Amino acid sequence: MSGRAAVVHDLNLEAYGFGGDHPFNPLRIRLTLELCETLGLLQDYPFVVSEPATVEDLTTVHSLTYVRLVQKAGRGVGDLLDLMHYGLGTEDNPIFPDMHEACARVVGAVLQASRTVMRGETDHAMCISGGLHHAMRSRASGFCVYNDAGVAIARLKEEHPGIRVAYLDTDAHHGDGVQWMFYDNPEVLTVSMHESGRYLFPGTGGVEERGRDGGVGYSVNVPLEPYTDDSSWISCFEDVVPEVLRAFGPDLILSQNGCDGHALDPLTHLSATTRLYEHIPRRVHDLAHELCEGRWVATGGGGYDIWRVVPRAWTALWTAISHQDLPEKVPENWLAARCAQSPVALPRLMRDDSADYPVAERASVIAERNRRTTERVLEKVMPLIR
Amino acid sequence: MSMSSGKARMLLVKDAMTHEVVVLPPQATAGEALALCRERRIRHLPVLEGGGLVGIVSDRDLRSATPALGDPARAEALGRIVVSEIMASDVTTARPEDPIEEAANAMREKKVGCLPVVEGDALVGIISSSDVMEALVYLMGAHEPGNRLEVVMPDRPGTLAGVAGIFGELGINIVSAVAGPRRDLPDSSEPGRVAVFRVDTMDLREAVEILERAGYAVLWPPKP
């Protein structure tokens, strides 16, 4: 038996979303939790409720000017040109009523999850509303307004001086916001595995981005080739993550579990299946027990096939966190309740059938390129991490 | 399009150049010059006499003019050879108000790695190929979040406006835009220019669809 688990969630968190047909749709949170519930996976785990992050929390990593601007924008105040300068009111980050409150709640929830773990009230905690990794100090970016992981790490470091936090980001997009916030900090290791910036937003996250000043070596980037499949992705993960985490020796692991690297995701060009999203959290779980007495906070992140991919991927995440087995079948009740609303046919099994995802012709070329990338990554950062 | 504060100043030589220049007198020895290159981690030293630029010497010139490391004759040569004997005296220079692309072109044509920047007779800076590279990174917006998009545009007035208009209608901000001639033109296609945009969006689907419907070929991101 290894560790206790908690879910931080309440309905208010589902107010974070951009409405209309924007790809970042809070319905994915609802669908996931309903699926977990229907499978009986939440029985012994009442939701932990949280308070919104305060302005003081937010300004650990965001500028006060930006926070004030978001507050005003959510009340319908502000000059649109001025707001756009801060990434707000664009196609990616439209303004919505009370956006400050909605975003601050997400940050507060991840902060609560982190504190609960750090205080030893639970070993692992999950908040799937979190994972807004693109938000910058003074700029909304890529569907992210405030950076929940950034605030949580900054606050934990104030409350527990000297602790070392490993941030592990396996979203298909580079975890740029979190990386830049701690780019010169050797006590925060950021590791991001993502589709290469040559092909995908935000364009950064090359191997040579390793950190600055005292933090050189503590930003680790593994850019993957488009169409990378499970087996290559898993080998890259196994080559890099355990080794850099062991060298670093974290006191807590915070993982961003975007599942937009799935072959069905409409915004990216990777070819993973549920196998990857079952593998990663189980390995992170083991590493947390090996390296930091189980202290692990898991957030959500990207994932834009909200019907077929996100609910199953994050249910797998929750089973790893809560030490439960992943059921085989998607329950009939859940399918019955939701299938009429879904624009696509829903899968019947919790795991993708590998026969539906044949190995691509170029798979060995892609795997070889990725292997060379991981070699370069280890060469460049391992001598620097201590 | 928004221009991030201060980035516009990357367009001229004076904004991309290094202002503090390490210089030498013509009678400095090769040994002194090489030591200076090593200590300051630079590759080019302008040579000044009476305040005026009379030549330039690179670490490569210095190395090829002196015996190799380990050669017993080296120490004596380093102390004997003076910079005026090996420097290039026909120096290509830039002016502070030159556009950086002009400086880049001069470096390319003359096959040199840097240009001293002079105003009247005074040396005011030095611009190297790595300074130009850095300016290029800023100009292309490669340090800012964005998605890269390459579009072929028919070579006639209004096409860039057409593409930009599509982004504008979708509320997508253009981080940078560069348009240039196309090199490898497939036989069937009409002459055109290739424009490279960096656009601030996670979701390119609608933009690509509308661009293609409007007759623009999208070259990047590549399709499977």
# chains A, B, ... in the order shown; residues from 1 in each chain; ligands from 1

call {"tool": "interface_residues", "arguments": {"of": "chain B", "to": "chain A", "cutoff": "8 Å", "atoms": "only C-alpha atoms", "output": "ChimeraX atom specification"}}
result
/B:2,142-148,170-173,201-205,220-221

call {"tool": "select_by_dssp", "arguments": {"residues": "range 3-226 of chain A", "states": "strand (DSSP E)", "output": "ChimeraX atom specification"}}
result
/A:5-7,124-127,165-169,188-195,219-224

call {"tool": "residues_around", "arguments": {"residues": "Ile42 in chain B", "least_positions_apart": "3", "cutoff": "10 Å", "atoms": "only C-alpha atoms", "output": "JSON, numbers by chain"}}
result
{"B": [22, 34, 36, 37, 38, 39, 45, 58, 59]}

call {"tool": "select_by_dssp", "arguments": {"residues": "range 116-271 of chain A", "states": "alpha helix (DSSP H)", "output": "tab-separated table (two decimals) with C-alpha atoms, in the first residue's frame"}}
result
chain	number	residue	atom	x	y	z
A	116	THR	CA	-2.48	19.61	1.63
A	117	VAL	CA	0.32	17.42	0.31
A	118	MET	CA	3.11	19.51	1.80
A	148	ASP	CA	-1.66	27.82	-11.18
A	149	ALA	CA	1.53	25.74	-10.99
A	150	GLY	CA	3.65	28.91	-10.93
A	151	VAL	CA	1.73	30.37	-8.00
A	152	ALA	CA	1.65	27.07	-6.09
A	153	ILE	CA	5.39	26.53	-6.45
A	154	ALA	CA	6.22	30.14	-5.52
A	155	ARG	CA	3.97	30.01	-2.43
A	156	LEU	CA	5.29	26.62	-1.29
A	157	LYS	CA	8.81	27.96	-1.58
A	158	GLU	CA	7.89	30.90	0.65
A	159	GLU	CA	6.16	28.70	3.21
A	176	ASP	CA	6.69	27.76	-21.31
A	177	GLY	CA	5.01	29.90	-18.63
A	178	VAL	CA	6.21	27.76	-15.73
A	179	GLN	CA	9.66	27.38	-17.28
A	180	TRP	CA	10.22	31.14	-17.65
A	181	MET	CA	8.92	31.85	-14.11
A	230	ASP	CA	3.35	5.55	-27.39
A	231	SER	CA	6.40	3.37	-27.60
A	232	SER	CA	8.81	6.14	-28.61
A	233	TRP	CA	7.27	8.59	-26.15
A	234	ILE	CA	7.49	6.08	-23.32
A	235	SER	CA	11.15	5.30	-24.11
A	236	CYS	CA	11.97	9.00	-24.11
A	237	PHE	CA	10.16	9.43	-20.80
A	238	GLU	CA	12.03	6.48	-19.31
A	239	ASP	CA	15.38	7.69	-20.66
A	240	VAL	CA	15.09	11.19	-19.23
A	241	VAL	CA	12.60	11.60	-16.39
A	242	PRO	CA	13.78	9.10	-13.75
A	243	GLU	CA	17.41	10.08	-14.27
A	244	VAL	CA	16.96	13.85	-14.01
A	245	LEU	CA	14.52	13.56	-11.12
A	246	ARG	CA	16.89	11.28	-9.20
A	247	ALA	CA	19.80	13.64	-9.82
A	248	PHE	CA	17.71	16.59	-8.61

call {"tool": "closest_residue", "arguments": {"among": "A:Leu69, A:Ala113, A:Met126, A:Val220", "to": "Thr319 in chain A", "atoms": "only C-alpha atoms"}}
result
A:Met126

call {"tool": "residues_around", "arguments": {"residues": "Thr274 in chain A", "least_positions_apart": "6", "cutoff": "10 Å", "atoms": "only C-alpha atoms", "output": "PyMOL selection string"}}
result
chain A and resi 230+259+261-263+309-310+312-314+316+350-354

call {"tool": "write_last_selection", "arguments": {"atoms": "C-alpha atoms", "output": "PDB file, in the first residue's frame"}}
result
ATOM      1  CA  ASP A 230       3.349   5.552 -27.393  1.00  0.00           C
ATOM      2  CA  CYS A 259      -3.510  14.629 -22.660  1.00  0.00           C
ATOM      3  CA  GLY A 261      -0.720  14.285 -27.367  1.00  0.00           C
ATOM      4  CA  HIS A 262      -3.371  11.679 -28.133  1.00  0.00           C
ATOM      5  CA  ALA A 263      -3.719  10.742 -31.795  1.00  0.00           C
ATOM      6  CA  VAL A 309      -9.882  11.117 -24.859  1.00  0.00           C
ATOM      7  CA  VAL A 310      -9.943  13.438 -21.846  1.00  0.00           C
ATOM      8  CA  ARG A 312     -10.597   8.245 -20.034  1.00  0.00           C
ATOM      9  CA  ALA A 313      -7.065   9.696 -19.810  1.00  0.00           C
ATOM     10  CA  TRP A 314      -7.762  11.582 -16.594  1.00  0.00           C
ATOM     11  CA  ALA A 316      -6.443   6.685 -15.625  1.00  0.00           C
ATOM     12  CA  MET A 350     -11.245   2.446 -21.062  1.00  0.00           C
ATOM     13  CA  ARG A 351      -8.082   1.498 -22.944  1.00  0.00           C
ATOM     14  CA  ASP A 352      -7.572   2.159 -26.651  1.00  0.00           C
ATOM     15  CA  ASP A 353      -7.205  -0.965 -28.739  1.00  0.00           C
ATOM     16  CA  SER A 354      -3.745  -0.888 -30.316  1.00  0.00           C
TER      17      SER A 354
END

call {"tool": "residues_around", "arguments": {"residues": "Ala73 in chain A", "least_positions_apart": "3", "cutoff": "12 Å", "atoms": "only C-alpha atoms", "output": "ChimeraX atom specification"}}
result
/A:66-70,76-84,86-89,93-101,145

call {"tool": "write_last_selection", "arguments": {"atoms": "C-alpha atoms", "output": "compact mmCIF listing (two decimals), in the first residue's frame"}}
result
# COMPACT_ATOMS: atom_id res chain seq x y z
CA TYR A 66 -1.84 42.45 -15.08
CA VAL A 67 -3.98 41.12 -12.22
CA ARG A 68 -5.81 44.48 -12.00
CA LEU A 69 -6.38 44.39 -15.74
CA VAL A 70 -7.87 40.87 -15.61
CA GLY A 76 -16.44 44.56 -18.80
CA VAL A 77 -14.09 47.47 -18.18
CA GLY A 78 -10.95 48.26 -20.14
CA ASP A 79 -9.79 49.34 -23.54
CA LEU A 80 -9.67 46.38 -25.93
CA LEU A 81 -6.39 47.45 -27.54
CA ASP A 82 -4.83 47.79 -24.12
CA LEU A 83 -6.14 44.37 -23.08
CA MET A 84 -4.82 42.73 -26.24
CA TYR A 86 -1.71 41.58 -22.34
CA GLY A 87 -3.01 38.69 -24.45
CA LEU A 88 -6.63 39.23 -23.43
CA GLY A 89 -9.59 39.51 -25.78
CA ASN A 93 -8.11 34.06 -24.63
CA PRO A 94 -11.47 35.79 -24.97
CA ILE A 95 -12.73 37.91 -22.12
CA PHE A 96 -15.57 36.36 -20.10
CA PRO A 97 -17.58 37.72 -17.18
CA ASP A 98 -15.85 37.42 -13.80
CA MET A 99 -12.81 35.88 -15.42
CA HIS A 100 -10.54 36.97 -12.58
CA GLU A 101 -12.65 35.14 -10.00
CA VAL A 145 -4.86 33.48 -17.75

call {"tool": "residues_around", "arguments": {"residues": "Gly55 in chain B", "least_positions_apart": "6", "cutoff": "7 Å", "atoms": "only C-alpha atoms", "output": "list in words"}}
result
Pro46, Val47, Met87, Ala88, Ser89, Asp90 and Val91 of chain B

call {"tool": "closest_residue", "arguments": {"among": "B:Leu53, B:Met133, B:Ala33, B:Ile166", "to": "Tyr216 in chain B", "atoms": "only C-alpha atoms"}}
result
B:Ile166

call {"tool": "atom_distance", "arguments": {"atom1": "CA of Thr122 in chain A", "atom2": "CA of Val49 in chain A"}}
result
14.3 Å
